[in-house]
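Asks: query13.csv is reproduced in full below (CSV, C-alpha atoms and all ligand atoms).
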chain,number,residue,atom,x,y,z
K,24,MET,CA,4.3,-119.3,143.3
K,25,GLU,CA,1.9,-116.4,143.0
K,26,THR,CA,2.3,-113.9,145.8
K,27,ALA,CA,-0.2,-111.2,146.8
K,28,ASN,CA,0.3,-107.8,145.2
K,29,ALA,CA,-1.8,-104.7,145.0
K,30,GLY,CA,-3.4,-105.8,141.8
K,31,ASN,CA,-4.5,-109.4,142.8
K,32,ALA,CA,-4.4,-109.3,146.6
K,33,TYR,CA,-8.2,-109.6,147.2
K,34,ASP,CA,-8.8,-112.2,144.4
K,35,LEU,CA,-5.9,-114.3,145.7
K,36,ALA,CA,-7.2,-114.0,149.3
K,37,LYS,CA,-10.7,-115.2,148.1
K,38,GLN,CA,-9.1,-118.2,146.3
K,39,ALA,CA,-7.1,-118.9,149.5
K,40,ALA,CA,-10.3,-118.7,151.6
K,41,GLU,CA,-12.0,-121.2,149.2
K,42,VAL,CA,-9.2,-123.7,149.7
K,43,VAL,CA,-9.3,-123.2,153.5
K,44,VAL,CA,-13.1,-123.5,153.8
K,45,LYS,CA,-13.1,-126.6,151.6
K,46,LYS,CA,-10.3,-128.3,153.5
K,47,PHE,CA,-11.7,-127.5,157.0
K,48,GLY,CA,-15.4,-128.0,156.0
K,49,GLY,CA,-16.8,-124.5,156.6
K,50,ASP,CA,-16.3,-121.0,157.8
K,51,HIS,CA,-14.4,-119.9,160.9
K,52,ASP,CA,-15.0,-117.1,163.5
K,53,ILE,CA,-11.5,-116.1,164.7
K,54,LEU,CA,-8.0,-116.0,163.3
K,55,ALA,CA,-5.2,-116.3,165.8
K,56,VAL,CA,-1.7,-115.6,164.7
K,57,LEU,CA,1.1,-117.0,166.7
K,58,GLY,CA,4.2,-114.8,166.9
K,59,SER,CA,7.6,-115.6,168.3
K,60,GLY,CA,7.2,-117.1,171.8
K,61,TRP,CA,3.5,-117.9,171.4
K,62,ALA,CA,3.8,-121.2,169.4
K,63,HIS,CA,3.1,-123.3,172.5
K,64,ALA,CA,-0.6,-122.3,172.2
K,65,ALA,CA,-0.8,-124.6,169.2
K,66,SER,CA,-0.1,-127.6,171.5
K,67,VAL,CA,-2.5,-126.4,174.2
K,68,LEU,CA,-5.3,-126.1,171.7
K,69,GLU,CA,-6.1,-129.4,170.0
K,70,ALA,CA,-6.5,-129.0,166.2
K,71,THR,CA,-9.2,-130.9,164.4
K,72,ASN,CA,-7.5,-130.4,161.1
K,73,GLU,CA,-4.4,-128.7,159.6
K,74,ILE,CA,-2.9,-127.7,156.3
K,75,SER,CA,0.6,-126.6,155.3
K,76,VAL,CA,0.5,-122.9,154.2
K,77,THR,CA,2.3,-124.0,151.1
K,78,GLU,CA,-0.9,-125.6,149.9
K,79,ILE,CA,-2.9,-122.4,150.2
K,80,PRO,CA,-2.8,-119.9,147.3
K,81,GLY,CA,-0.6,-116.8,148.0
K,82,PHE,CA,0.8,-118.0,151.4
K,83,ILE,CA,4.5,-118.0,151.9
K,84,LYS,CA,6.2,-120.3,154.4
K,85,PRO,CA,7.6,-117.9,157.0
K,86,SER,CA,11.4,-117.6,157.0
K,87,ALA,CA,11.7,-116.1,160.5
K,88,ILE,CA,13.1,-118.6,163.1
K,89,GLY,CA,10.4,-119.7,165.6
K,90,HIS,CA,7.6,-119.2,163.0
K,91,GLY,CA,5.8,-122.3,161.7
K,92,GLY,CA,4.1,-122.8,158.4
K,93,THR,CA,0.8,-124.5,159.3
K,94,LEU,CA,-2.8,-123.3,159.5
K,95,LYS,CA,-4.8,-125.3,162.0
K,96,SER,CA,-8.5,-125.5,162.6
K,97,VAL,CA,-9.4,-125.5,166.3
K,98,VAL,CA,-12.8,-125.7,168.1
K,99,VAL,CA,-13.0,-123.5,171.2
K,100,GLY,CA,-16.5,-123.7,172.7
K,101,LYS,CA,-18.8,-122.7,169.9
K,102,SER,CA,-16.1,-120.8,168.0
K,103,ARG,CA,-14.1,-122.2,165.1
K,104,VAL,CA,-10.6,-120.8,165.3
K,105,LEU,CA,-8.0,-120.6,162.5
K,106,LEU,CA,-4.6,-120.9,164.2
K,107,LEU,CA,-1.7,-119.7,162.1
K,108,THR,CA,1.6,-121.0,163.5
K,109,GLY,CA,3.8,-118.2,162.0
K,110,ARG,CA,3.5,-115.0,160.1
K,111,THR,CA,5.2,-113.3,157.2
K,112,HIS,CA,7.0,-110.1,158.1
K,113,LEU,CA,7.6,-107.0,156.0
K,114,TYR,CA,11.4,-107.5,156.4
K,115,GLU,CA,11.1,-110.8,154.5
K,116,GLY,CA,10.7,-108.7,151.4
K,117,HIS,CA,7.6,-110.2,149.8
K,118,GLY,CA,5.7,-107.0,150.0
K,119,VAL,CA,2.9,-105.7,152.3
K,120,ASN,CA,0.1,-107.6,150.6
K,121,SER,CA,1.8,-110.9,151.5
K,122,VAL,CA,2.2,-109.7,155.1
K,123,VAL,CA,-1.6,-109.3,155.4
K,124,HIS,CA,-2.7,-112.2,153.1
K,125,ALA,CA,-3.6,-114.4,156.0
K,126,VAL,CA,-5.8,-111.7,157.5
K,127,ARG,CA,-7.7,-111.1,154.3
K,128,THR,CA,-8.0,-114.9,153.7
K,129,ALA,CA,-9.5,-115.3,157.2
K,130,ALA,CA,-11.9,-112.4,156.6
K,131,PHE,CA,-13.1,-114.1,153.4
K,132,ALA,CA,-13.4,-117.4,155.3
K,133,GLY,CA,-15.9,-115.8,157.7
K,134,CYS,CA,-13.6,-114.6,160.6
K,135,LYS,CA,-14.9,-111.5,162.4
K,136,THR,CA,-12.2,-111.5,165.1
K,137,LEU,CA,-8.4,-111.3,164.8
K,138,VAL,CA,-6.1,-112.2,167.7
K,139,LEU,CA,-2.5,-111.2,167.0
K,140,THR,CA,0.5,-112.1,169.2
K,141,ASN,CA,4.1,-111.0,168.9
K,142,ALA,CA,7.5,-110.7,170.6
K,143,ALA,CA,8.4,-107.1,171.4
K,144,GLY,CA,11.1,-105.0,172.8
K,145,CYS,CA,10.0,-103.3,176.0
K,146,LEU,CA,10.5,-99.6,176.9
K,147,ARG,CA,9.0,-100.1,180.3
K,148,GLU,CA,11.7,-101.2,182.9
K,149,ASP,CA,8.9,-101.4,185.5
K,150,TRP,CA,7.2,-104.2,183.4
K,151,GLY,CA,10.4,-106.1,182.8
K,152,VAL,CA,11.4,-109.0,180.5
K,153,GLY,CA,8.8,-111.7,180.2
K,154,ALA,CA,5.9,-109.3,180.7
K,155,THR,CA,2.8,-109.8,178.7
K,156,ALA,CA,0.9,-106.7,177.5
K,157,LEU,CA,-2.3,-105.9,175.5
K,158,ILE,CA,-1.7,-103.4,172.7
K,159,SER,CA,-4.0,-100.5,173.2
K,160,ASP,CA,-2.8,-98.6,170.1
K,161,HIS,CA,0.0,-98.4,167.6
K,162,ILE,CA,2.4,-96.1,165.9
K,163,ASN,CA,3.2,-97.2,162.4
K,164,LEU,CA,6.8,-96.4,161.7
K,165,THR,CA,7.2,-98.9,158.9
K,166,GLY,CA,6.4,-96.3,156.1
K,167,PHE,CA,4.0,-98.9,154.6
K,168,SER,CA,0.2,-99.4,154.5
K,169,PRO,CA,-1.6,-102.5,153.2
K,170,LEU,CA,-4.0,-100.1,151.6
K,171,THR,CA,-1.5,-98.7,149.2
K,172,GLY,CA,-2.2,-99.2,145.5
K,173,ALA,CA,-5.3,-100.1,143.7
K,174,ASP,CA,-8.5,-99.6,145.7
K,175,ALA,CA,-10.1,-102.7,147.0
K,176,PRO,CA,-13.1,-104.0,145.0
K,177,VAL,CA,-16.7,-103.2,146.1
K,178,PRO,CA,-17.9,-103.7,148.8
K,179,LEU,CA,-14.4,-103.3,150.4
K,180,HIS,CA,-13.5,-100.2,148.5
K,181,GLY,CA,-12.5,-97.2,150.6
K,182,ARG,CA,-8.9,-96.5,151.6
K,183,PHE,CA,-9.4,-94.0,154.4
K,184,VAL,CA,-10.0,-96.5,157.2
K,185,ASP,CA,-10.7,-95.2,160.7
K,186,LEU,CA,-8.1,-96.4,163.2
K,187,THR,CA,-9.5,-94.5,166.2
K,188,ASP,CA,-10.4,-97.8,167.9
K,189,ALA,CA,-8.0,-100.1,166.0
K,190,TYR,CA,-7.6,-102.4,169.1
K,191,SER,CA,-10.9,-103.3,170.5
K,192,GLU,CA,-11.6,-102.1,174.0
K,193,ARG,CA,-14.3,-104.9,174.3
K,194,LEU,CA,-11.7,-107.6,173.6
K,195,ARG,CA,-9.2,-106.0,176.0
K,196,VAL,CA,-11.7,-106.1,178.8
K,197,ILE,CA,-12.3,-109.7,178.0
K,198,ALA,CA,-8.6,-110.5,178.1
K,199,LYS,CA,-8.2,-108.7,181.4
K,200,ARG,CA,-11.0,-110.8,182.9
K,201,VAL,CA,-8.8,-113.8,182.1
K,202,ASP,CA,-5.6,-112.1,183.4
K,203,PRO,CA,-6.0,-108.9,185.3
K,204,THR,CA,-2.2,-108.5,185.6
K,205,LEU,CA,-1.8,-108.0,181.8
K,206,TYR,CA,-0.1,-104.6,181.1
K,207,GLU,CA,-1.5,-102.4,178.4
K,208,GLY,CA,0.5,-100.1,176.1
K,209,VAL,CA,1.3,-98.6,172.7
K,210,TYR,CA,3.3,-100.7,170.2
K,211,MET,CA,5.5,-98.9,167.7
K,212,GLY,CA,5.9,-101.0,164.5
K,213,PHE,CA,9.3,-100.8,162.7
K,214,HIS,CA,10.2,-102.4,159.4
K,215,GLY,CA,13.3,-104.3,160.7
K,216,PRO,CA,14.9,-106.8,160.6
K,217,HIS,CA,17.7,-104.9,162.3
K,218,PHE,CA,16.9,-103.9,165.9
K,219,GLU,CA,16.4,-100.2,166.7
K,220,THR,CA,19.2,-97.9,167.7
K,221,PRO,CA,19.2,-96.4,171.3
K,222,ALA,CA,18.4,-93.0,169.7
K,223,GLU,CA,15.3,-94.5,168.0
K,224,ILE,CA,14.2,-96.0,171.3
K,225,ARG,CA,14.6,-92.6,173.0
K,226,ALA,CA,12.5,-91.1,170.2
K,227,ALA,CA,10.0,-93.9,170.5
K,228,ARG,CA,9.6,-93.1,174.2
K,229,VAL,CA,9.0,-89.4,173.6
K,230,TRP,CA,6.4,-90.4,171.0
K,231,GLY,CA,4.6,-92.5,173.6
K,232,ALA,CA,5.6,-96.1,172.8
K,233,ASP,CA,5.8,-98.8,175.4
K,234,LEU,CA,6.7,-101.6,173.1
K,235,VAL,CA,8.6,-101.9,169.8
K,236,GLY,CA,8.4,-104.7,167.2
K,237,MET,CA,8.4,-105.7,163.5
K,238,SER,CA,5.0,-107.0,163.0
K,239,THR,CA,1.3,-106.5,163.8
K,240,VAL,CA,0.6,-103.0,162.5
K,241,MET,CA,0.0,-104.0,158.9
K,242,GLU,CA,-2.2,-106.9,159.9
K,243,THR,CA,-4.3,-104.7,162.2
K,244,ILE,CA,-4.8,-102.1,159.5
K,245,ALA,CA,-5.9,-104.7,157.0
K,246,ALA,CA,-8.2,-106.3,159.5
K,247,ARG,CA,-9.9,-103.0,160.4
K,248,HIS,CA,-10.3,-102.3,156.7
K,249,MET,CA,-12.2,-105.6,156.4
K,250,GLY,CA,-14.3,-104.9,159.5
K,251,LEU,CA,-12.6,-107.4,161.9
K,252,GLU,CA,-12.3,-106.7,165.6
K,253,VAL,CA,-8.6,-106.9,166.7
K,254,LEU,CA,-7.0,-108.0,169.9
K,255,ALA,CA,-3.2,-107.9,170.0
K,256,LEU,CA,-0.8,-109.2,172.7
K,257,SER,CA,2.9,-108.7,173.1
K,258,LEU,CA,5.4,-110.8,175.0
K,259,ALA,CA,8.3,-108.5,176.1
K,260,THR,CA,11.3,-110.6,175.2
K,261,ASN,CA,13.9,-107.9,176.0
K,262,LEU,CA,14.3,-104.4,177.1
K,263,ALA,CA,14.5,-102.2,174.0
K,264,ALA,CA,17.9,-101.0,172.7
K,265,GLY,CA,20.0,-98.9,175.0
K,266,ILE,CA,17.9,-99.3,178.1
K,267,SER,CA,19.8,-102.1,179.9
K,268,GLY,CA,23.3,-101.3,178.4
K,269,GLU,CA,23.3,-104.9,177.0
K,270,LYS,CA,23.5,-105.7,173.3
K,271,LEU,CA,20.3,-107.2,171.7
K,272,SER,CA,20.3,-110.5,170.0
K,273,GLY,CA,17.7,-112.6,168.2
K,274,ASP,CA,18.8,-115.6,170.3
K,275,GLU,CA,17.8,-113.8,173.5
K,276,VAL,CA,14.3,-113.1,171.9
K,277,LEU,CA,13.9,-116.8,171.1
K,278,ALA,CA,15.2,-117.9,174.6
K,279,ILE,CA,12.7,-115.7,176.5
K,280,GLY,CA,10.0,-116.9,174.1
K,281,LYS,CA,10.9,-120.5,174.9
K,282,ALA,CA,11.0,-119.9,178.6
K,283,SER,CA,7.6,-118.2,178.5
K,284,ALA,CA,6.0,-120.7,176.1
K,285,SER,CA,3.6,-122.6,178.3
K,286,ARG,CA,2.6,-119.5,180.3
K,287,VAL,CA,1.7,-117.4,177.2
K,288,GLY,CA,0.3,-120.4,175.3
K,289,GLY,CA,-2.1,-121.1,178.1
K,290,LEU,CA,-3.0,-117.5,178.4
K,291,LEU,CA,-3.9,-117.3,174.7
K,292,ALA,CA,-6.0,-120.5,174.9
K,293,ASN,CA,-7.9,-119.0,177.9
K,294,ILE,CA,-8.4,-115.7,176.2
K,295,LEU,CA,-9.8,-117.5,173.1
K,296,GLN,CA,-12.2,-119.4,175.4
K,297,GLN,CA,-13.4,-116.2,177.0
K,298,ILE,CA,-13.9,-114.5,173.7
K,299,ASP,CA,-16.0,-117.4,172.6
K,300,LEU,CA,-18.1,-117.1,175.8
K,301,GLU,CA,-18.6,-113.4,175.4
K,302,THR,CA,-19.0,-112.9,171.7
K,303,GLU,CA,-22.4,-113.4,170.1
K,304,LYS,CA,-22.3,-115.7,167.1
K,305,LYS,CA,-24.1,-114.4,164.0
N,1,LIG,N1,12.8,-104.6,168.7
N,1,LIG,C1,12.1,-104.9,167.6
N,1,LIG,N2,11.4,-106.1,167.6
N,1,LIG,C2,11.6,-107.0,168.6
N,1,LIG,C3,12.4,-106.6,169.7
N,1,LIG,C4,13.0,-105.4,169.7
N,1,LIG,O1,13.7,-105.0,170.7
N,1,LIG,N3,12.3,-107.7,170.5
N,1,LIG,C5,11.5,-108.6,169.9
N,1,LIG,N4,11.1,-108.2,168.7
Just give me the structure as structure tokens.
Replies:
Amino acid sequence: METANAGNAYDLAKQAAEVVVKKFGGDHDILAVLGSGWAHAASVLEATNEISVTEIPGFIKPSAIGHGGTLKSVVVGKSRVLLLTGRTHLYEGHGVNSVVHAVRTAAFAGCKTLVLTNAAGCLREDWGVGATALISDHINLTGFSPLTGADAPVPLHGRFVDLTDAYSERLRVIAKRVDPTLYEGVYMGFHGPHFETPAEIRAARVWGADLVGMSTVMETIAARHMGLEVLALSLATNLAAGISGEKLSGDEVLAIGKASASRVGGLLANILQQIDLETEKK
């Protein structure tokens, strides 16, 4: 199967978008990516159609537990939403272009908005496990960029993408109208798949991180490069390494995700509805 690389990434995303548009009968407005713990949103939002990602050029079935391999088409008010039930992570080893392939595909399929969700380690004891937070900014500690390599073709060329307002303030205001108790903080993106060391978490705190995780930053950079507005939400599934004195485990992440499923699934559905109400369609 062909995977996205620096040479063919945009062509492959265009081909993927053609398949998606044909299958779902038209363009979409929003791509929502369901990270660990957020999958329940897929059952709250009724899909009109769906496709296995294995049928879309360049997509890879995610190998991370708790990540599905389906792209759904959902109608929310006047918005058509692409709902991706799982993502590809850098740590799966398929390369950065595969990690952002869904975002580029969605952009070519008409999407102007990207809503990302993830599970994250939390540096804020006052928020606690189970907290949901809006990402206000990120620190990219992965060492990667989706813009590495050949420059994108015209009209997307230009590598020096401004990330001053990577996470849309407008969308954060909308999300807070839905749930004023949402926290807001800085997400530090690591490559993974190992968890961080306590020393790394102490360093992350000094650098201004509130949350740590292994996704989201590549997708956000690729989305901003293609002009999409980004909203990102984290579910704090554990206190970050060294904070509680307990060891970290992937099972704990999944268990908190499961326990929070219907709450965060409903939250995401409500946020998508509010974005639909407050975003002018072109
Ligand atoms: N670190 C990195 N990624 C994570 C964590 C964590 O503590 N929890 C859930 N995803």
Asks: Name the residues, by chain letter and number, that sit within 9 Å of ligand LIG 1 (chain N) using all atoms listed in the file, and give them as an mmCIF file with C-alpha atoms, keeping the file's coordinate frame.
Replies:
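As written to disk, out-v1.cif reads:
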data_model
loop_
_atom_site.group_PDB
_atom_site.id
_atom_site.type_symbol
_atom_site.label_atom_id
_atom_site.label_comp_id
_atom_site.auth_asym_id
_atom_site.auth_seq_id
_atom_site.Cartn_x
_atom_site.Cartn_y
_atom_site.Cartn_z
ATOM 1 C CA SER K 59 7.600 -115.600 168.300
ATOM 2 C CA ASN K 141 4.100 -111.000 168.900
ATOM 3 C CA ALA K 142 7.500 -110.700 170.600
ATOM 4 C CA ALA K 143 8.400 -107.100 171.400
ATOM 5 C CA GLY K 144 11.100 -105.000 172.800
ATOM 6 C CA CYS K 145 10.000 -103.300 176.000
ATOM 7 C CA LEU K 146 10.500 -99.600 176.900
ATOM 8 C CA MET K 211 5.500 -98.900 167.700
ATOM 9 C CA GLY K 212 5.900 -101.000 164.500
ATOM 10 C CA PHE K 213 9.300 -100.800 162.700
ATOM 11 C CA HIS K 214 10.200 -102.400 159.400
ATOM 12 C CA GLY K 215 13.300 -104.300 160.700
ATOM 13 C CA PRO K 216 14.900 -106.800 160.600
ATOM 14 C CA HIS K 217 17.700 -104.900 162.300
ATOM 15 C CA PHE K 218 16.900 -103.900 165.900
ATOM 16 C CA GLU K 219 16.400 -100.200 166.700
ATOM 17 C CA LEU K 234 6.700 -101.600 173.100
ATOM 18 C CA VAL K 235 8.600 -101.900 169.800
ATOM 19 C CA GLY K 236 8.400 -104.700 167.200
ATOM 20 C CA MET K 237 8.400 -105.700 163.500
ATOM 21 C CA SER K 238 5.000 -107.000 163.000
ATOM 22 C CA LEU K 258 5.400 -110.800 175.000
ATOM 23 C CA ALA K 259 8.300 -108.500 176.100
ATOM 24 C CA THR K 260 11.300 -110.600 175.200
ATOM 25 C CA ASN K 261 13.900 -107.900 176.000
ATOM 26 C CA LEU K 262 14.300 -104.400 177.100
ATOM 27 C CA ALA K 263 14.500 -102.200 174.000
ATOM 28 C CA ALA K 264 17.900 -101.000 172.700
ATOM 29 C CA LEU K 271 20.300 -107.200 171.700
ATOM 30 C CA SER K 272 20.300 -110.500 170.000
ATOM 31 C CA GLY K 273 17.700 -112.600 168.200
ATOM 32 C CA GLU K 275 17.800 -113.800 173.500
ATOM 33 C CA VAL K 276 14.300 -113.100 171.900
ATOM 34 C CA LEU K 277 13.900 -116.800 171.100
#
Asks: Enumerate, in order of chain and increasing residue number, the residues of stretch 35-141 of chain K with an atom no farther than 12 Å from stretch 185-203 of chain K, each with its shortest atom pair and distance in Å to one decimal, counting only C-alpha atoms, as a Markdown table.
Replies:
| residue | atom | partner | partner_atom | distance |
| --- | --- | --- | --- | --- |
| K:Thr136 | CA | K:Leu194 | CA | 9.4 |
| K:Leu137 | CA | K:Tyr190 | CA | 9.9 |
| K:Val138 | CA | K:Leu194 | CA | 9.3 |
| K:Leu139 | CA | K:Tyr190 | CA | 10.4 |
Asks: Could you name the residues that touch stretch 242-247 of chain K at 10 Å or less, counting only C-alpha atoms, but leaving out those on the same chain fewer than 2 positions away, as a PDB file with C-alpha atoms, keeping the file's coordinate frame?
Replies:
ATOM      1  CA  VAL K  56      -1.700-115.600 164.700  1.00  0.00           C
ATOM      2  CA  ARG K 110       3.500-115.000 160.100  1.00  0.00           C
ATOM      3  CA  HIS K 112       7.000-110.100 158.100  1.00  0.00           C
ATOM      4  CA  VAL K 119       2.900-105.700 152.300  1.00  0.00           C
ATOM      5  CA  ASN K 120       0.100-107.600 150.600  1.00  0.00           C
ATOM      6  CA  VAL K 122       2.200-109.700 155.100  1.00  0.00           C
ATOM      7  CA  VAL K 123      -1.600-109.300 155.400  1.00  0.00           C
ATOM      8  CA  HIS K 124      -2.700-112.200 153.100  1.00  0.00           C
ATOM      9  CA  ALA K 125      -3.600-114.400 156.000  1.00  0.00           C
ATOM     10  CA  VAL K 126      -5.800-111.700 157.500  1.00  0.00           C
ATOM     11  CA  ARG K 127      -7.700-111.100 154.300  1.00  0.00           C
ATOM     12  CA  ALA K 129      -9.500-115.300 157.200  1.00  0.00           C
ATOM     13  CA  ALA K 130     -11.900-112.400 156.600  1.00  0.00           C
ATOM     14  CA  CYS K 134     -13.600-114.600 160.600  1.00  0.00           C
ATOM     15  CA  LYS K 135     -14.900-111.500 162.400  1.00  0.00           C
ATOM     16  CA  THR K 136     -12.200-111.500 165.100  1.00  0.00           C
ATOM     17  CA  LEU K 137      -8.400-111.300 164.800  1.00  0.00           C
ATOM     18  CA  VAL K 138      -6.100-112.200 167.700  1.00  0.00           C
ATOM     19  CA  LEU K 139      -2.500-111.200 167.000  1.00  0.00           C
ATOM     20  CA  HIS K 161       0.000 -98.400 167.600  1.00  0.00           C
ATOM     21  CA  ASN K 163       3.200 -97.200 162.400  1.00  0.00           C
ATOM     22  CA  SER K 168       0.200 -99.400 154.500  1.00  0.00           C
ATOM     23  CA  PRO K 169      -1.600-102.500 153.200  1.00  0.00           C
ATOM     24  CA  LEU K 170      -4.000-100.100 151.600  1.00  0.00           C
ATOM     25  CA  VAL K 184     -10.000 -96.500 157.200  1.00  0.00           C
ATOM     26  CA  ASP K 185     -10.700 -95.200 160.700  1.00  0.00           C
ATOM     27  CA  LEU K 186      -8.100 -96.400 163.200  1.00  0.00           C
ATOM     28  CA  ASP K 188     -10.400 -97.800 167.900  1.00  0.00           C
ATOM     29  CA  ALA K 189      -8.000-100.100 166.000  1.00  0.00           C
ATOM     30  CA  TYR K 190      -7.600-102.400 169.100  1.00  0.00           C
ATOM     31  CA  SER K 238       5.000-107.000 163.000  1.00  0.00           C
ATOM     32  CA  THR K 239       1.300-106.500 163.800  1.00  0.00           C
ATOM     33  CA  VAL K 240       0.600-103.000 162.500  1.00  0.00           C
ATOM     34  CA  MET K 249     -12.200-105.600 156.400  1.00  0.00           C
ATOM     35  CA  GLY K 250     -14.300-104.900 159.500  1.00  0.00           C
ATOM     36  CA  LEU K 251     -12.600-107.400 161.900  1.00  0.00           C
ATOM     37  CA  GLU K 252     -12.300-106.700 165.600  1.00  0.00           C
ATOM     38  CA  VAL K 253      -8.600-106.900 166.700  1.00  0.00           C
ATOM     39  CA  LEU K 254      -7.000-108.000 169.900  1.00  0.00           C
ATOM     40  CA  ALA K 255      -3.200-107.900 170.000  1.00  0.00           C
TER      41      ALA K 255
END
Asks: What would the list of residues within 7 Å of (-6.2, -121.5, 171.8) (file frame) look like as a PyMOL selection string, if only C-alpha atoms are what count?
Replies: chain K and resi 64-65+67-68+291-293+295
Asks: Go through K:Leu105, K:Glu115, K:Ala55, K:Val177 one by one, measure the shortest atom-to-atom distance of each to K:Ile88 using all atoms listed in the file, and give the residue with the smallest value.
Replies: K:Glu115
